[in-house]
file model.csv (CSV, C-alpha atoms)
chain,number,residue,atom,x,y,z
A,1,MET,CA,117.6,121.8,119.5
A,2,MET,CA,119.8,119.1,120.8
A,3,LEU,CA,116.7,117.3,122.1
A,4,ARG,CA,115.2,117.4,118.7
A,5,ILE,CA,118.2,116.1,117.0
A,6,GLY,CA,118.5,113.4,119.6
A,7,VAL,CA,114.9,112.4,119.0
A,8,CYS,CA,115.5,112.4,115.2
A,9,ALA,CA,118.6,110.3,115.7
A,10,MET,CA,116.6,107.7,117.7
A,11,VAL,CA,113.8,107.7,115.2
A,12,LEU,CA,116.3,107.2,112.4
A,13,ALA,CA,117.9,104.4,114.1
A,14,GLY,CA,114.6,102.8,115.0
A,15,PHE,CA,113.4,103.2,111.5
A,16,ALA,CA,116.5,101.4,110.2
A,17,ALA,CA,116.0,98.6,112.7
A,18,ALA,CA,112.3,98.2,111.8
A,19,GLN,CA,113.0,98.4,108.1
A,20,ASP,CA,113.3,94.8,107.1
A,21,PHE,CA,114.4,91.5,108.4
A,22,PRO,CA,115.8,88.6,106.5
A,23,PRO,CA,113.1,86.5,105.0
A,24,GLY,CA,112.7,83.3,106.9
A,25,SER,CA,114.5,84.6,110.0
A,26,ARG,CA,111.1,84.2,111.7
A,27,ALA,CA,108.0,82.6,110.5
A,28,PRO,CA,104.9,84.7,110.0
A,29,SER,CA,102.7,84.3,113.1
A,30,ILE,CA,99.1,85.2,113.8
A,31,GLU,CA,97.7,85.2,117.3
A,32,TYR,CA,94.1,84.5,117.9
A,33,PHE,CA,92.2,86.0,120.8
A,34,PRO,CA,88.8,84.2,121.2
A,35,PRO,CA,85.9,86.3,122.6
A,36,GLU,CA,84.7,85.6,126.1
A,37,THR,CA,81.9,83.0,126.3
A,38,ALA,CA,78.9,84.9,125.2
A,39,THR,CA,75.4,84.3,126.4
A,40,VAL,CA,73.1,83.9,123.5
A,41,TYR,CA,69.3,83.6,123.6
A,42,ARG,CA,67.7,80.8,121.6
A,43,GLY,CA,66.3,82.1,118.4
A,44,HIS,CA,68.3,85.3,118.5
A,45,ALA,CA,71.4,86.3,116.6
A,46,LYS,CA,74.4,87.6,118.6
A,47,PRO,CA,77.3,89.4,117.1
A,48,LEU,CA,80.8,88.4,118.3
A,49,GLU,CA,84.3,89.6,117.4
A,50,LEU,CA,87.2,87.3,116.8
A,51,GLN,CA,90.4,89.2,117.3
A,52,PHE,CA,93.6,88.4,115.5
A,53,ARG,CA,97.1,89.9,115.7
A,54,ILE,CA,99.6,89.6,112.9
A,55,ALA,CA,103.3,89.7,113.9
A,56,SER,CA,105.0,93.0,112.9
A,57,GLY,CA,106.8,92.9,109.6
A,58,PHE,CA,104.2,90.6,108.0
A,59,HIS,CA,100.9,91.3,106.2
A,60,ILE,CA,98.2,89.0,104.9
A,61,ASN,CA,95.7,89.7,102.1
A,62,SER,CA,92.4,91.1,103.1
A,63,ASN,CA,89.1,89.3,102.3
A,64,HIS,CA,89.0,91.3,99.1
A,65,PRO,CA,92.5,91.4,97.6
A,66,ARG,CA,92.8,93.6,94.7
A,67,GLN,CA,94.3,90.9,92.4
A,68,GLU,CA,92.3,87.8,91.7
A,69,TYR,CA,95.3,85.5,92.0
A,70,LEU,CA,96.1,86.5,95.5
A,71,LYS,CA,94.8,84.4,98.4
A,72,LYS,CA,92.1,86.0,100.4
A,73,THR,CA,91.8,85.8,104.2
A,74,GLU,CA,88.8,83.7,105.0
A,75,LEU,CA,87.2,82.4,108.1
A,76,LYS,CA,85.5,79.0,107.8
A,77,LEU,CA,83.3,77.9,110.8
A,78,ASN,CA,81.7,74.6,111.5
A,79,ALA,CA,79.0,75.3,114.0
A,80,PRO,CA,77.2,72.5,115.9
A,81,THR,CA,73.9,71.4,114.5
A,82,ASP,CA,71.1,73.9,115.2
A,83,ILE,CA,73.5,76.8,115.7
A,84,ALA,CA,73.6,78.9,112.6
A,85,ILE,CA,76.5,81.2,111.6
A,86,VAL,CA,74.3,83.9,110.2
A,87,LYS,CA,77.1,86.2,108.9
A,88,VAL,CA,80.8,86.6,108.8
A,89,THR,CA,82.0,90.2,108.5
A,90,TYR,CA,85.5,91.1,107.5
A,91,PRO,CA,87.2,94.4,108.0
A,92,ALA,CA,88.1,96.5,105.0
A,93,GLY,CA,91.7,96.0,103.9
A,94,GLU,CA,94.3,98.6,104.3
A,95,ASP,CA,95.6,99.8,100.9
A,96,ARG,CA,99.3,99.6,101.1
A,97,SER,CA,102.3,99.5,98.8
A,98,PHE,CA,105.4,97.5,99.7
A,99,PRO,CA,109.1,97.8,98.9
A,100,PHE,CA,108.8,94.9,96.4
A,101,SER,CA,106.2,96.8,94.4
A,102,PRO,CA,106.1,100.5,95.4
A,103,ASP,CA,103.7,101.5,92.6
A,104,GLU,CA,101.1,99.0,93.4
A,105,LYS,CA,98.6,99.1,96.2
A,106,LEU,CA,97.6,95.8,97.9
A,107,SER,CA,94.6,95.4,100.2
A,108,VAL,CA,96.0,93.8,103.3
A,109,TYR,CA,95.6,93.3,107.0
A,110,THR,CA,98.5,94.2,109.3
A,111,GLY,CA,98.7,94.3,113.1
A,112,ASP,CA,95.4,93.8,114.8
A,113,PHE,CA,92.2,93.0,113.0
A,114,ALA,CA,88.8,91.6,113.9
A,115,VAL,CA,86.4,89.4,112.1
A,116,GLY,CA,82.8,89.7,113.1
A,117,VAL,CA,80.6,86.6,113.4
A,118,SER,CA,76.9,86.6,114.0
A,119,VAL,CA,75.6,83.3,115.6
A,120,ARG,CA,72.0,82.3,116.1
A,121,PRO,CA,71.0,79.2,118.0
A,122,LEU,CA,67.7,77.8,116.7
A,123,LYS,CA,64.8,77.8,119.1
A,124,THR,CA,65.1,74.0,119.5
A,125,VAL,CA,68.6,74.0,120.8
A,126,LEU,CA,69.0,72.7,124.4
A,127,PRO,CA,70.4,75.4,126.7
A,128,ALA,CA,74.1,74.6,127.2
A,129,LYS,CA,77.6,75.7,126.3
A,130,TYR,CA,78.6,75.0,122.7
A,131,ALA,CA,82.0,75.3,121.0
A,132,VAL,CA,82.3,76.5,117.5
A,133,HIS,CA,85.4,75.4,115.6
A,134,GLY,CA,86.8,76.6,112.4
A,135,THR,CA,89.9,77.8,110.6
A,136,LEU,CA,91.3,81.1,109.4
A,137,LYS,CA,92.8,80.7,106.0
A,138,TYR,CA,95.5,83.2,105.2
A,139,GLN,CA,98.6,83.7,103.2
A,140,ALA,CA,101.3,85.9,104.7
A,141,CYS,CA,104.2,87.9,103.1
A,142,ASP,CA,106.9,90.1,104.4
A,143,ASN,CA,108.7,92.8,102.5
A,144,ALA,CA,110.6,90.4,100.3
A,145,ALA,CA,109.0,87.0,100.4
A,146,CYS,CA,105.7,85.1,100.6
A,147,TYR,CA,104.9,82.1,102.7
A,148,PRO,CA,102.6,79.3,101.6
A,149,PRO,CA,98.9,79.6,102.4
A,150,LYS,CA,98.1,78.4,105.9
A,151,GLN,CA,95.1,77.4,108.0
A,152,MET,CA,94.9,78.4,111.6
A,153,PRO,CA,92.5,76.7,114.0
A,154,VAL,CA,90.0,79.0,115.5
A,155,SER,CA,87.3,78.2,118.2
A,156,PHE,CA,85.1,80.1,120.5
A,157,GLU,CA,82.3,79.2,123.0
A,158,ILE,CA,78.8,80.4,123.4
A,159,LYS,CA,76.3,79.7,126.2
A,160,VAL,CA,72.8,79.2,124.8
A,161,VAL,CA,70.0,80.1,127.2
A,162,LYS,CA,66.3,80.3,127.0
A,163,ASP,CA,64.9,83.6,125.9
A,164,PRO,CA,63.2,84.9,129.0
A,165,ASN,CA,60.6,86.6,126.9
A,166,ALA,CA,59.7,83.4,125.2
A,167,ASN,CA,57.7,82.3,128.3
A,168,LYS,CA,55.7,85.4,128.5
A,169,ARG,CA,53.2,84.1,125.9
A,170,ARG,CA,50.3,86.2,125.4
A,171,ASN,CA,47.0,84.4,126.0
A,172,PRO,CA,45.1,84.2,122.8
A,173,ALA,CA,42.1,86.3,122.8
A,174,GLN,CA,39.2,84.2,123.9
A,175,SER,CA,35.8,84.2,122.4
A,176,PRO,CA,33.1,85.6,124.8
A,177,HIS,CA,31.1,82.5,124.0
A,178,ALA,CA,33.8,80.1,125.1
A,179,HIS,CA,32.5,79.6,128.6
A,180,ARG,CA,28.9,79.5,127.9
B,1,MET,CA,127.5,117.3,129.6
B,2,LYS,CA,126.9,119.1,126.4
B,3,ARG,CA,126.5,116.9,123.3
B,4,ASP,CA,127.3,118.1,119.9
B,5,PRO,CA,124.2,117.7,117.7
B,6,ILE,CA,126.3,117.0,114.7
B,7,ILE,CA,128.0,114.1,116.5
B,8,LEU,CA,124.6,112.8,117.6
B,9,LEU,CA,123.3,112.9,114.0
B,10,VAL,CA,126.5,111.2,112.7
B,11,VAL,CA,126.1,108.5,115.3
B,12,ALA,CA,122.5,107.9,114.3
B,13,VAL,CA,123.3,107.7,110.6
B,14,VAL,CA,126.2,105.3,111.3
B,15,ILE,CA,123.9,103.1,113.5
B,16,SER,CA,121.2,103.2,110.8
B,17,LEU,CA,123.7,102.2,108.1
B,18,MET,CA,125.1,99.4,110.3
B,19,LEU,CA,121.7,98.1,110.9
B,20,VAL,CA,120.7,98.2,107.3
B,21,PHE,CA,124.0,96.5,106.1
B,22,GLY,CA,123.9,94.1,109.0
B,23,ILE,CA,120.4,93.0,107.9
B,24,GLN,CA,121.5,92.7,104.3
B,25,LYS,CA,124.5,90.6,105.4
B,26,THR,CA,122.4,88.4,107.7
B,27,ARG,CA,119.9,87.9,104.9
B,28,HIS,CA,122.5,86.7,102.5
B,29,SER,CA,124.2,84.4,105.0
B,30,GLN,CA,120.8,83.1,106.0
B,31,THR,CA,119.9,82.4,102.5
B,32,SER,CA,123.2,80.6,102.2
B,33,GLN,CA,122.2,78.3,105.1
B,34,GLN,CA,118.5,78.1,104.6
B,35,GLY,CA,117.3,74.6,105.6
B,36,GLY,CA,118.5,71.8,103.4
B,37,ALA,CA,119.2,74.2,100.6
B,38,GLY,CA,122.5,75.2,102.3
B,39,LYS,CA,123.8,71.7,101.7
B,40,LEU,CA,123.2,72.1,97.9
B,41,GLN,CA,125.8,74.7,97.4
B,42,GLY,CA,128.6,73.3,95.3
B,43,GLN,CA,126.6,70.1,94.8
B,44,THR,CA,124.9,68.9,91.6
B,45,ALA,CA,121.5,70.3,91.4
B,46,PRO,CA,118.9,67.6,92.1
B,47,ASP,CA,117.4,66.6,88.9
B,48,PHE,CA,113.7,66.5,88.3
B,49,ALA,CA,111.2,65.8,85.5
B,50,LEU,CA,108.1,67.9,85.8
B,51,ALA,CA,105.2,68.6,83.5
B,52,SER,CA,105.4,71.9,81.7
B,53,LEU,CA,102.4,74.2,81.1
B,54,GLU,CA,102.4,73.0,77.5
B,55,GLY,CA,102.1,69.4,78.7
B,56,LYS,CA,105.7,68.5,77.9
B,57,THR,CA,108.3,67.4,80.3
B,58,VAL,CA,110.8,69.8,81.8
B,59,LYS,CA,113.9,67.9,82.9
B,60,LEU,CA,116.6,69.9,84.6
B,61,SER,CA,119.4,67.7,83.3
B,62,ASP,CA,118.4,68.5,79.8
B,63,PHE,CA,119.9,72.0,80.3
B,64,ARG,CA,123.3,70.6,81.2
B,65,GLY,CA,125.9,72.8,79.4
B,66,LYS,CA,123.9,75.9,80.1
B,67,ALA,CA,123.8,78.2,83.1
B,68,VAL,CA,120.4,77.8,84.7
B,69,LEU,CA,118.4,80.2,86.9
B,70,LEU,CA,116.0,77.9,88.6
B,71,ASN,CA,113.2,80.0,90.1
B,72,PHE,CA,110.5,78.6,92.4
B,73,TRP,CA,107.5,80.8,92.4
B,74,ALA,CA,103.7,81.0,92.8
B,75,THR,CA,100.9,83.1,91.5
B,76,TRP,CA,100.0,84.2,95.0
B,77,CYS,CA,103.5,85.5,95.6
B,78,GLU,CA,103.7,89.2,94.8
B,79,PRO,CA,107.5,89.5,95.1
B,80,CYS,CA,107.8,86.7,92.6
B,81,LYS,CA,105.8,88.8,90.1
B,82,ILE,CA,108.3,91.6,90.4
B,83,GLU,CA,111.2,89.3,89.3
B,84,MET,CA,109.5,87.8,86.3
B,85,PRO,CA,109.9,90.8,83.9
B,86,TRP,CA,113.6,90.8,84.9
B,87,PHE,CA,113.9,87.1,84.2
B,88,ILE,CA,112.3,87.7,80.8
B,89,GLU,CA,114.8,90.5,80.0
B,90,LEU,CA,117.7,88.5,81.2
B,91,GLN,CA,116.7,85.5,79.2
B,92,LYS,CA,116.7,87.7,76.1
B,93,LYS,CA,120.0,89.2,77.0
B,94,TYR,CA,121.9,86.1,77.9
B,95,GLY,CA,120.0,83.3,76.2
B,96,ALA,CA,122.3,83.2,73.2
B,97,GLN,CA,125.3,82.9,75.5
B,98,GLY,CA,124.0,79.6,77.0
B,99,PHE,CA,121.7,80.8,79.7
B,100,GLN,CA,118.3,79.5,80.6
B,101,VAL,CA,115.7,80.5,83.1
B,102,VAL,CA,113.5,77.6,84.3
B,103,GLY,CA,110.4,78.5,86.4
B,104,VAL,CA,108.8,76.0,88.8
B,105,ALA,CA,105.3,77.0,89.9
B,106,MET,CA,104.8,75.8,93.5
B,107,ASP,CA,101.1,76.6,93.3
B,108,ASP,CA,97.8,75.2,94.2
B,109,ALA,CA,96.2,77.0,91.2
B,110,SER,CA,95.2,75.0,88.2
B,111,PRO,CA,97.7,74.6,85.4
B,112,SER,CA,95.4,76.6,83.1
B,113,ASP,CA,95.4,79.5,85.7
B,114,ILE,CA,99.1,79.3,86.0
B,115,ALA,CA,99.4,79.3,82.2
B,116,GLU,CA,97.1,82.3,82.0
B,117,PHE,CA,99.2,84.2,84.6
B,118,ALA,CA,102.4,83.3,82.8
B,119,LYS,CA,101.0,84.5,79.5
B,120,LYS,CA,99.9,87.8,81.0
B,121,MET,CA,103.4,88.3,82.4
B,122,GLY,CA,104.9,87.5,78.9
B,123,VAL,CA,107.1,84.7,80.2
B,124,ASN,CA,109.5,83.5,77.6
B,125,TYR,CA,111.0,80.6,79.5
B,126,PRO,CA,109.7,77.1,80.4
B,127,ILE,CA,107.4,76.9,83.5
B,128,ALA,CA,107.0,73.5,85.1
B,129,ILE,CA,104.3,72.6,87.5
B,130,GLY,CA,106.0,72.0,90.8
B,131,LYS,CA,105.6,69.1,93.3
B,132,GLU,CA,106.3,69.1,97.0
B,133,ALA,CA,108.9,66.3,96.5
B,134,VAL,CA,110.9,68.6,94.2
B,135,GLY,CA,110.6,71.4,96.7
B,136,ASP,CA,111.9,69.1,99.4
B,137,GLN,CA,114.9,68.2,97.2
B,138,TYR,CA,115.7,71.9,97.2
B,139,GLY,CA,115.5,72.4,100.9
B,140,GLY,CA,111.8,72.5,101.5
B,141,LEU,CA,111.3,76.1,100.2
B,142,PRO,CA,109.7,77.6,103.2
B,143,TYR,CA,108.9,80.8,101.3
B,144,LEU,CA,109.0,82.2,97.8
B,145,PRO,CA,110.6,83.3,95.6
B,146,SER,CA,113.5,80.9,95.9
B,147,THR,CA,116.1,81.0,93.2
B,148,PHE,CA,119.0,78.7,92.5
B,149,TYR,CA,121.9,79.5,90.2
B,150,ILE,CA,123.3,76.4,88.5
B,151,ASP,CA,126.5,76.4,86.4
B,152,ARG,CA,127.1,74.7,83.1
B,153,ASP,CA,128.2,71.6,84.9
B,154,GLY,CA,124.9,71.3,86.8
B,155,LYS,CA,126.3,72.5,90.1
B,156,VAL,CA,124.5,74.9,92.4
B,157,ILE,CA,126.7,77.9,92.8
B,158,ASP,CA,124.3,80.1,94.7
B,159,ARG,CA,120.8,80.4,95.9
B,160,VAL,CA,118.8,83.4,97.0
B,161,PHE,CA,115.6,83.4,99.0
B,162,GLY,CA,113.2,86.3,98.8
B,163,LEU,CA,113.2,89.2,96.4
B,164,VAL,CA,116.6,90.8,95.6
B,165,SER,CA,117.6,93.5,93.1
B,166,ARG,CA,117.8,92.9,89.4
B,167,SER,CA,121.5,93.8,89.5
B,168,GLU,CA,122.1,91.0,92.1
B,169,ILE,CA,120.2,88.6,89.9
B,170,GLU,CA,122.2,89.6,86.9
B,171,SER,CA,125.5,89.3,88.8
B,172,ASN,CA,124.6,85.8,89.9
B,173,ILE,CA,123.7,84.8,86.3
B,174,GLN,CA,127.1,86.1,85.1
B,175,LYS,CA,128.8,84.0,87.9
B,176,ALA,CA,126.8,80.9,86.8
B,177,MET,CA,127.7,81.5,83.2
B,178,GLY,CA,131.4,82.1,83.9
B,179,SER,CA,131.7,79.5,86.7
B,180,SER,CA,133.5,76.3,86.0
B,181,GLY,CA,132.4,74.4,89.1
B,182,GLN,CA,133.4,77.3,91.4
B,183,VAL,CA,131.1,77.9,94.4
B,184,ALA,CA,130.3,81.6,94.9
B,185,GLN,CA,132.3,83.0,97.7
B,186,LYS,CA,130.3,84.8,100.5

call {"tool": "encode", "arguments": {"input": "model.csv", "output": "structure tokens"}}
result
Amino acid sequence: MMLRIGVCAMVLAGFAAAQDFPPGSRAPSIEYFPPETATVYRGHAKPLELQFRIASGFHINSNHPRQEYLKKTELKLNAPTDIAIVKVTYPAGEDRSFPFSPDEKLSVYTGDFAVGVSVRPLKTVLPAKYAVHGTLKYQACDNAACYPPKQMPVSFEIKVVKDPNANKRRNPAQSPHAHR
Amino acid sequence: MKRDPIILLVVAVVISLMLVFGIQKTRHSQTSQQGGAGKLQGQTAPDFALASLEGKTVKLSDFRGKAVLLNFWATWCEPCKIEMPWFIELQKKYGAQGFQVVGVAMDDASPSDIAEFAKKMGVNYPIAIGKEAVGDQYGGLPYLPSTFYIDRDGKVIDRVFGLVSRSEIESNIQKAMGSSGQVAQK
């Protein structure tokens, strides 16, 4: 019984501590964890995951916010020539209500989230390491205030190699009359 | 050692309350010192002349003689949206007594989008299109909403950053209306 009450007490105190913090007491921060350098065959698409972590107490809008006037989170990538960004896949937002609007659900990201990126080097690209740079556009809020939209630099590296199967060309069928 | 569960519970509640009130107090004192805005308290509110949504000019000094609630907001700011209906009601309630809400949209949306948003919200007070320079005059406005309470003499008597309760807003309006150059005591 005492243990239960003790646990309840700690949870209550922890809950109170985690409740809220004064707006502006700390800036919203997002950490970016680039993927390890991925080996990609020329001419083939490779899916990668770009991991992000939003500091606790903050949220950002998902890529599909429920209200049109809210700023969506968006990844913009500038790949080197002949390396195509085939697709960018965003996670679904978490529908949450906040103390400033308890009756309204917002589609947001909190904590950790990952954006999927599919890259495809063209067959003509020289085998080498290539860096892809870009920005993550987001707009963060806490429980009482919102911070101006920001752009966070993002980059990752890929190692383009020849497709080993590309050398195994099948000989074209030869005409039986070819060597006559 | 045997611990009384009631005492444990009371201690937890007390700690929780202390944390909650501590946070509230910190928040208020922080808003009082926020950036350059802290220096504005008791000072004449920096004047500005900005274009309104109707294409007219909104000049803060034109409201001298009235208590002014100067609200910096943006369409992308959800907490700002919560305050707007309160401002509308309070403008109706205190307008005749010499009170005026002035909104400044610190937005990158087009004026027509801001106007559409304001119309949807039923805003009954002037909205100016903000400029960074004006934001800088008011301490840089690192986040929104940011609200300044200005008395009839044009002096900033208080400013609040972030969403607060309607009753706190109303209390600040009353202070601004009743104040004769007195700075709100914290």

call {"tool": "atom_distance", "arguments": {"input": "model.csv", "atom1": "atom CA of B:Pro145", "atom2": "atom CA of A:Lys71"}}
result
16.1 Å

call {"tool": "closest_residue", "arguments": {"input": "model.csv", "among": "A:Pro28, A:Pro121, A:Pro65, A:Gly134", "to": "A:Lys159", "atoms": "only C-alpha atoms"}}
result
A:Pro121

call {"tool": "residues_around", "arguments": {"input": "model.csv", "residues": "A:Pro127", "least_positions_apart": "3", "cutoff": "8 Å", "atoms": "only C-alpha atoms", "output": "VMD selection string"}}
result
chain A and resid 42 159 to 162

call {"tool": "closest_atom_pairs", "arguments": {"input": "model.csv", "of": "stretch 65-135 of chain B", "to": "stretch 141-144 of chain B", "cutoff": "8 Å", "atoms": "only C-alpha atoms", "output": "JSON lines"}}
result
{"residue": "B:Phe72", "atom": "CA", "partner": "B:Leu144", "partner_atom": "CA", "distance": 6.7}
{"residue": "B:Trp73", "atom": "CA", "partner": "B:Leu144", "partner_atom": "CA", "distance": 5.8}
{"residue": "B:Ala74", "atom": "CA", "partner": "B:Leu144", "partner_atom": "CA", "distance": 7.4}
{"residue": "B:Cys77", "atom": "CA", "partner": "B:Leu144", "partner_atom": "CA", "distance": 6.8}
{"residue": "B:Pro79", "atom": "CA", "partner": "B:Leu144", "partner_atom": "CA", "distance": 7.9}
{"residue": "B:Cys80", "atom": "CA", "partner": "B:Leu144", "partner_atom": "CA", "distance": 7.0}
{"residue": "B:Gly135", "atom": "CA", "partner": "B:Leu141", "partner_atom": "CA", "distance": 5.9}

call {"tool": "closest_residue", "arguments": {"input": "model.csv", "among": "A:Ile158, A:Val86, A:Ala114, A:Cys141", "to": "chain B", "atoms": "all atoms listed in the file"}}
result
A:Cys141

call {"tool": "atom_distance", "arguments": {"input": "model.csv", "atom1": "atom CA of A:Asn165", "atom2": "atom CA of A:Pro47"}}
result
19.6 Å

call {"tool": "atom_distance", "arguments": {"input": "model.csv", "atom1": "atom CA of B:Lys120", "atom2": "atom CA of A:Gln151"}}
result
29.3 Å

call {"tool": "closest_residue", "arguments": {"input": "model.csv", "among": "B:Ser167, B:Ser52, B:Thr75, B:Gln137", "to": "chain A", "atoms": "only C-alpha atoms"}}
result
B:Thr75

call {"tool": "closest_residue", "arguments": {"input": "model.csv", "among": "B:Glu132, B:Glu78, B:Glu83, B:Glu170", "to": "B:Leu50", "atoms": "all atoms listed in the file"}}
result
B:Glu132

call {"tool": "closest_residue", "arguments": {"input": "model.csv", "among": "A:Ile85, A:Ala55, A:Val115, A:Leu136", "to": "A:Pro149", "atoms": "only C-alpha atoms"}}
result
A:Leu136

call {"tool": "closest_residue", "arguments": {"input": "model.csv", "among": "B:Lys39, B:Arg152, B:Arg64, B:Lys81", "to": "chain A", "atoms": "only C-alpha atoms"}}
result
B:Lys81

call {"tool": "residues_near_point", "arguments": {"input": "model.csv", "point": "(67.5, 84.5, 117.7)", "cutoff": "7 Å", "atoms": "only C-alpha atoms", "output": "list of chain:residue names"}}
result
A:Tyr41, A:Arg42, A:Gly43, A:His44, A:Ala45, A:Arg120, A:Pro121, A:Leu122
